[in-house]
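Here is the structure we will look at.
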Amino acid sequence: AALVAREAALLVPEYEAKFAALQPEEGRFDFTQFEAIAAWAQHFGKAVRGHALVWHQDLPDWARAAIAEGPRRARAVLDAHYDAVLPRMRARIRDWDVVNEPIANPPGSDVPEPPGNTGDLRDTPWLRALGPDYVAIALRAARERDATLRITLNDYGVEADTPWAEEKRRRLLRLLRGLRQRNVPLDAVGIQGHLQMREPFRPEVFAEFVRQIRALDLQVAITELDVRETRPPVGDFVQRDTAVALRVHAFLSAAFAGGARTVLTWGLSDRWSWLHREEAVALGGGDVHRGLPFDWELNRKQMWRALARAFLGQPAG
Ligand code: 9MR
């Protein structure tokens with residue numbers, strides 16, 4: 001807590017504002033954890049983002065079943081959730097990830113789309129019930145309830161210099177342009193920034209992508225920055241931390257050059273990171289990803305300095 005108080009200006013709950021956390025049973029809402037975070041943040045003068053209203057994960061079974069009943073019921077589930085959450089948190093949360101991870105993963109992914117899905121949008125309960133218009137429906141419904149909310153659409157896998165990421169960037173841009181053409185309310189795009197050392201990165205390519213989003217008059221935030229190392233990681237801690245820091249510096253400098261203005265890391269310390277909690281992502285063999293600014297013992301690593309230097313517009317150094 002002391003580290004967060006010292007290091008962060010903007011917080012986001014990693015789980016506590018997700019659908020299943022807020023509405024575990026239909027009509028029974030639980031704001032205890034979310035409001036505890038909001039109160040702590042307020043005490044220390046920190047802003048809080050909301051994450052996430054419409055997502056395919058962390059839907060409780062009841063909601064999955066209800067949404068699957070069809071468009072009317074799905075719409076009612078969405079409206080009831082928004083009605084409970086948005087007005088209640090309105091004074092404290094001015095920025096929500098309203099739609100999270102809508103873009104379908106291109107072929108060749110760890111988590112492939114079902115073969116039937118050939119569109120830009122991921123196959124989700126919301127898509128199945130409401131059709132491709134579900135994104136616009138979700139964004140409009142947020143604006144109807146809060147005229148000044150910063151409405152954000154958040155996604156991952158668009159950072160690397162790979163054909164896969166290039167295709168995901170194309171899909172996201174197509175979605176954004178379509179929403180713009182139809183005047184659907186949207187203020188910002190969240191680029192999660194779960195970077196992977198095994199993937200190539202080219203600053204010009206990424207900066208240009210951020211520019212293309214900005215050209216649609218949308219803000220860009222980096223919302224979940226962390227780094228997965230190669231499996232197995234190469235070198236000693238100093239070498240590994242140098243490589244991670246260089247990647248982070250290159251990534252953030254490109255993001256800023258393109259016009260991104262907000263950065264959140266997905267945690268502060270390697271100790272409390274999904275990167276070692278989630279088996280498919282963890283390094284295993286006793287190794288832990290060193291992909292956040294502080295190590296297991298809460299010591300600053302080179303990544304901290306890389307963040308600072310990127311914020312200040314300084315070279316990696
Ligand atoms: O880091 C989060 C992990 O603790 C949760 O178990 C998981 C499911 O709720 O979500 C993780 O956060 C994800 C975020 O909500 C969306 N982008 C990807 C993040 C990492 O999986």
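Every chain in the structure tokens takes a letter, A first, then B, and so on in the order presented; its residues are numbered from 1, and the ligands are numbered from 1 following the presented order.
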When you look at range 81-87 of chain A with a cut-off of 12 Å (counting only C-alpha atoms), what residues show up, excluding the ones that are within fewer than 6 positions of it in the same chain? I need them as a PDB file with N, CA and C atoms, in the first residue's frame.
```
ATOM      1  N   ALA A  17     -13.945  -4.664 -10.005  1.00  0.00           N
ATOM      2  CA  ALA A  17     -15.042  -3.976 -10.695  1.00  0.00           C
ATOM      3  C   ALA A  17     -15.540  -4.769 -11.899  1.00  0.00           C
ATOM      4  N   LYS A  18     -15.101  -6.012 -11.995  1.00  0.00           N
ATOM      5  CA  LYS A  18     -15.574  -6.864 -13.083  1.00  0.00           C
ATOM      6  C   LYS A  18     -16.998  -7.336 -12.794  1.00  0.00           C
ATOM      7  N   PHE A  19     -17.652  -7.818 -13.828  1.00  0.00           N
ATOM      8  CA  PHE A  19     -19.075  -8.144 -13.714  1.00  0.00           C
ATOM      9  C   PHE A  19     -19.335  -9.119 -12.569  1.00  0.00           C
ATOM     10  N   ALA A  20     -18.569 -10.209 -12.531  1.00  0.00           N
ATOM     11  CA  ALA A  20     -18.806 -11.239 -11.504  1.00  0.00           C
ATOM     12  C   ALA A  20     -18.531 -10.719 -10.105  1.00  0.00           C
ATOM     13  N   ALA A  21     -17.614  -9.774  -9.991  1.00  0.00           N
ATOM     14  CA  ALA A  21     -17.305  -9.213  -8.671  1.00  0.00           C
ATOM     15  C   ALA A  21     -18.451  -8.329  -8.202  1.00  0.00           C
ATOM     16  N   LEU A  22     -19.046  -7.576  -9.124  1.00  0.00           N
ATOM     17  CA  LEU A  22     -20.069  -6.602  -8.737  1.00  0.00           C
ATOM     18  C   LEU A  22     -21.468  -7.204  -8.646  1.00  0.00           C
ATOM     19  N   GLN A  23     -21.744  -8.224  -9.489  1.00  0.00           N
ATOM     20  CA  GLN A  23     -23.098  -8.787  -9.483  1.00  0.00           C
ATOM     21  C   GLN A  23     -23.028 -10.319  -9.533  1.00  0.00           C
ATOM     22  N   PRO A  24     -22.584 -10.934  -8.427  1.00  0.00           N
ATOM     23  CA  PRO A  24     -22.393 -12.388  -8.422  1.00  0.00           C
ATOM     24  C   PRO A  24     -23.691 -13.158  -8.655  1.00  0.00           C
ATOM     25  N   GLU A  25     -24.799 -12.592  -8.217  1.00  0.00           N
ATOM     26  CA  GLU A  25     -26.108 -13.204  -8.501  1.00  0.00           C
ATOM     27  C   GLU A  25     -26.994 -12.119  -9.097  1.00  0.00           C
ATOM     28  N   GLU A  26     -27.945 -12.534  -9.893  1.00  0.00           N
ATOM     29  CA  GLU A  26     -28.771 -11.527 -10.562  1.00  0.00           C
ATOM     30  C   GLU A  26     -29.454 -10.626  -9.529  1.00  0.00           C
ATOM     31  N   GLY A  27     -29.229  -9.328  -9.676  1.00  0.00           N
ATOM     32  CA  GLY A  27     -29.878  -8.360  -8.797  1.00  0.00           C
ATOM     33  C   GLY A  27     -29.213  -8.189  -7.444  1.00  0.00           C
ATOM     34  N   ARG A  28     -28.217  -9.039  -7.126  1.00  0.00           N
ATOM     35  CA  ARG A  28     -27.487  -8.853  -5.865  1.00  0.00           C
ATOM     36  C   ARG A  28     -26.125  -8.244  -6.173  1.00  0.00           C
ATOM     37  N   PHE A  29     -25.986  -6.987  -5.823  1.00  0.00           N
ATOM     38  CA  PHE A  29     -24.746  -6.266  -6.130  1.00  0.00           C
ATOM     39  C   PHE A  29     -23.876  -6.189  -4.884  1.00  0.00           C
ATOM     40  N   ASP A  30     -22.575  -6.262  -5.104  1.00  0.00           N
ATOM     41  CA  ASP A  30     -21.639  -6.181  -3.987  1.00  0.00           C
ATOM     42  C   ASP A  30     -20.533  -5.183  -4.346  1.00  0.00           C
ATOM     43  N   PHE A  31     -20.610  -4.027  -3.738  1.00  0.00           N
ATOM     44  CA  PHE A  31     -19.633  -2.969  -4.029  1.00  0.00           C
ATOM     45  C   PHE A  31     -18.538  -2.886  -2.968  1.00  0.00           C
ATOM     46  N   PHE A  34     -14.806  -2.883  -4.345  1.00  0.00           N
ATOM     47  CA  PHE A  34     -14.614  -1.748  -5.259  1.00  0.00           C
ATOM     48  C   PHE A  34     -14.612  -0.438  -4.463  1.00  0.00           C
ATOM     49  N   GLU A  35     -15.573  -0.318  -3.556  1.00  0.00           N
ATOM     50  CA  GLU A  35     -15.664   0.929  -2.792  1.00  0.00           C
ATOM     51  C   GLU A  35     -14.526   1.061  -1.787  1.00  0.00           C
ATOM     52  N   GLY A  50     -12.449   2.574 -13.988  1.00  0.00           N
ATOM     53  CA  GLY A  50     -13.314   1.400 -13.872  1.00  0.00           C
ATOM     54  C   GLY A  50     -12.939   0.364 -14.916  1.00  0.00           C
ATOM     55  N   HIS A  51     -12.973  -0.917 -14.534  1.00  0.00           N
ATOM     56  CA  HIS A  51     -12.574  -2.009 -15.445  1.00  0.00           C
ATOM     57  C   HIS A  51     -13.316  -3.248 -14.992  1.00  0.00           C
ATOM     58  N   ALA A  52     -14.194  -3.836 -15.730  1.00  0.00           N
ATOM     59  CA  ALA A  52     -14.639  -3.542 -17.088  1.00  0.00           C
ATOM     60  C   ALA A  52     -16.130  -3.885 -17.139  1.00  0.00           C
ATOM     61  N   LEU A  53     -16.909  -3.133 -17.923  1.00  0.00           N
ATOM     62  CA  LEU A  53     -18.357  -3.367 -17.922  1.00  0.00           C
ATOM     63  C   LEU A  53     -18.772  -4.511 -18.840  1.00  0.00           C
ATOM     64  N   VAL A  54     -18.373  -4.445 -20.107  1.00  0.00           N
ATOM     65  CA  VAL A  54     -18.799  -5.478 -21.066  1.00  0.00           C
ATOM     66  C   VAL A  54     -17.565  -6.242 -21.543  1.00  0.00           C
ATOM     67  N   LEU A  59     -17.911 -13.221 -16.460  1.00  0.00           N
ATOM     68  CA  LEU A  59     -19.368 -13.192 -16.430  1.00  0.00           C
ATOM     69  C   LEU A  59     -19.796 -14.359 -15.542  1.00  0.00           C
ATOM     70  N   ALA A  63     -25.306 -14.878 -15.573  1.00  0.00           N
ATOM     71  CA  ALA A  63     -25.336 -13.839 -16.606  1.00  0.00           C
ATOM     72  C   ALA A  63     -25.108 -14.467 -17.982  1.00  0.00           C
ATOM     73  N   ALA A  74     -30.607 -10.104 -22.998  1.00  0.00           N
ATOM     74  CA  ALA A  74     -29.217  -9.628 -22.932  1.00  0.00           C
ATOM     75  C   ALA A  74     -29.183  -8.123 -22.692  1.00  0.00           C
ATOM     76  N   ARG A  75     -30.039  -7.424 -23.411  1.00  0.00           N
ATOM     77  CA  ARG A  75     -30.107  -5.967 -23.255  1.00  0.00           C
ATOM     78  C   ARG A  75     -30.557  -5.590 -21.835  1.00  0.00           C
ATOM     79  N   ILE A  93     -15.683   7.491 -10.271  1.00  0.00           N
ATOM     80  CA  ILE A  93     -15.072   6.893 -11.461  1.00  0.00           C
ATOM     81  C   ILE A  93     -15.495   7.698 -12.677  1.00  0.00           C
ATOM     82  N   ARG A  94     -14.514   8.344 -13.304  1.00  0.00           N
ATOM     83  CA  ARG A  94     -14.831   9.166 -14.472  1.00  0.00           C
ATOM     84  C   ARG A  94     -14.359   8.541 -15.780  1.00  0.00           C
ATOM     85  N   ASP A  95     -13.834   7.337 -15.690  1.00  0.00           N
ATOM     86  CA  ASP A  95     -13.251   6.670 -16.855  1.00  0.00           C
ATOM     87  C   ASP A  95     -13.481   5.170 -16.692  1.00  0.00           C
ATOM     88  N   TRP A  96     -14.250   4.600 -17.581  1.00  0.00           N
ATOM     89  CA  TRP A  96     -14.523   3.157 -17.534  1.00  0.00           C
ATOM     90  C   TRP A  96     -14.021   2.475 -18.803  1.00  0.00           C
ATOM     91  N   ASP A  97     -13.444   1.301 -18.667  1.00  0.00           N
ATOM     92  CA  ASP A  97     -13.322   0.396 -19.796  1.00  0.00           C
ATOM     93  C   ASP A  97     -14.721  -0.169 -20.011  1.00  0.00           C
ATOM     94  N   VAL A  98     -15.454   0.467 -20.926  1.00  0.00           N
ATOM     95  CA  VAL A  98     -16.856   0.073 -21.125  1.00  0.00           C
ATOM     96  C   VAL A  98     -16.912  -1.236 -21.908  1.00  0.00           C
ATOM     97  N   ALA A 138     -23.436  -1.040 -26.243  1.00  0.00           N
ATOM     98  CA  ALA A 138     -22.807  -0.911 -24.917  1.00  0.00           C
ATOM     99  C   ALA A 138     -22.265   0.502 -24.699  1.00  0.00           C
ATOM    100  N   LEU A 139     -21.683   1.090 -25.740  1.00  0.00           N
ATOM    101  CA  LEU A 139     -21.105   2.433 -25.598  1.00  0.00           C
ATOM    102  C   LEU A 139     -22.212   3.476 -25.450  1.00  0.00           C
ATOM    103  N   ARG A 140     -23.242   3.359 -26.284  1.00  0.00           N
ATOM    104  CA  ARG A 140     -24.356   4.320 -26.204  1.00  0.00           C
ATOM    105  C   ARG A 140     -25.043   4.258 -24.851  1.00  0.00           C
ATOM    106  N   ALA A 141     -25.227   3.044 -24.354  1.00  0.00           N
ATOM    107  CA  ALA A 141     -25.920   2.887 -23.065  1.00  0.00           C
ATOM    108  C   ALA A 141     -25.119   3.532 -21.940  1.00  0.00           C
ATOM    109  N   ALA A 142     -23.801   3.535 -22.068  1.00  0.00           N
ATOM    110  CA  ALA A 142     -22.971   4.203 -21.047  1.00  0.00           C
ATOM    111  C   ALA A 142     -23.166   5.718 -21.132  1.00  0.00           C
ATOM    112  N   ARG A 143     -23.152   6.243 -22.343  1.00  0.00           N
ATOM    113  CA  ARG A 143     -23.323   7.701 -22.515  1.00  0.00           C
ATOM    114  C   ARG A 143     -24.695   8.164 -22.032  1.00  0.00           C
ATOM    115  N   GLU A 144     -25.717   7.336 -22.287  1.00  0.00           N
ATOM    116  CA  GLU A 144     -27.065   7.713 -21.828  1.00  0.00           C
ATOM    117  C   GLU A 144     -27.098   7.916 -20.317  1.00  0.00           C
ATOM    118  N   ARG A 145     -26.260   7.183 -19.599  1.00  0.00           N
ATOM    119  CA  ARG A 145     -26.286   7.271 -18.140  1.00  0.00           C
ATOM    120  C   ARG A 145     -25.288   8.260 -17.570  1.00  0.00           C
ATOM    121  N   ASP A 146     -24.350   8.712 -18.383  1.00  0.00           N
ATOM    122  CA  ASP A 146     -23.309   9.606 -17.858  1.00  0.00           C
ATOM    123  C   ASP A 146     -22.760  10.437 -19.014  1.00  0.00           C
ATOM    124  N   ALA A 147     -23.206  11.683 -19.072  1.00  0.00           N
ATOM    125  CA  ALA A 147     -22.889  12.529 -20.239  1.00  0.00           C
ATOM    126  C   ALA A 147     -21.417  12.892 -20.314  1.00  0.00           C
ATOM    127  N   THR A 148     -20.685  12.833 -19.197  1.00  0.00           N
ATOM    128  CA  THR A 148     -19.287  13.290 -19.216  1.00  0.00           C
ATOM    129  C   THR A 148     -18.298  12.186 -18.882  1.00  0.00           C
ATOM    130  N   LEU A 149     -18.772  10.959 -18.863  1.00  0.00           N
ATOM    131  CA  LEU A 149     -17.861   9.828 -18.623  1.00  0.00           C
ATOM    132  C   LEU A 149     -16.829   9.738 -19.745  1.00  0.00           C
ATOM    133  N   ILE A 151     -15.458   7.419 -21.947  1.00  0.00           N
ATOM    134  CA  ILE A 151     -15.821   6.075 -22.395  1.00  0.00           C
ATOM    135  C   ILE A 151     -14.636   5.474 -23.147  1.00  0.00           C
TER     136      ILE A 151
END
```
| task | From range 152-265 of chain A, collect each residue whose DSSP state is helix (DSSP H, G or I) and return the set as a PyMOL selection string. | result | chain A and resi 163-181+203-214+237-258
| message | At a cut-off of 12 Å and counting only C-alpha atoms and all ligand atoms, what residues surround ligand 1? Please answer as a PyMOL selection string. | response | chain A and resi 12-21+50-60+97+99-102+153-157+190-195+222-228+265-268+270+272-282
| task | Would you kindly return, as a ChimeraX atom specification, each protein, DNA or RNA residue with an atom no farther than 12 Å from any atom of Arg300 in chain A, considering only C-alpha atoms and excluding same-chain residues fewer than 5 positions away? | result | /A:3,7,241,245,268-270,290-295,305-308
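Proximity of A:Met89, A:Ala47, A:Ala310, A:Leu130 to Ala76 in chain A, computed with only C-alpha atoms, is greatest for A:Leu130.
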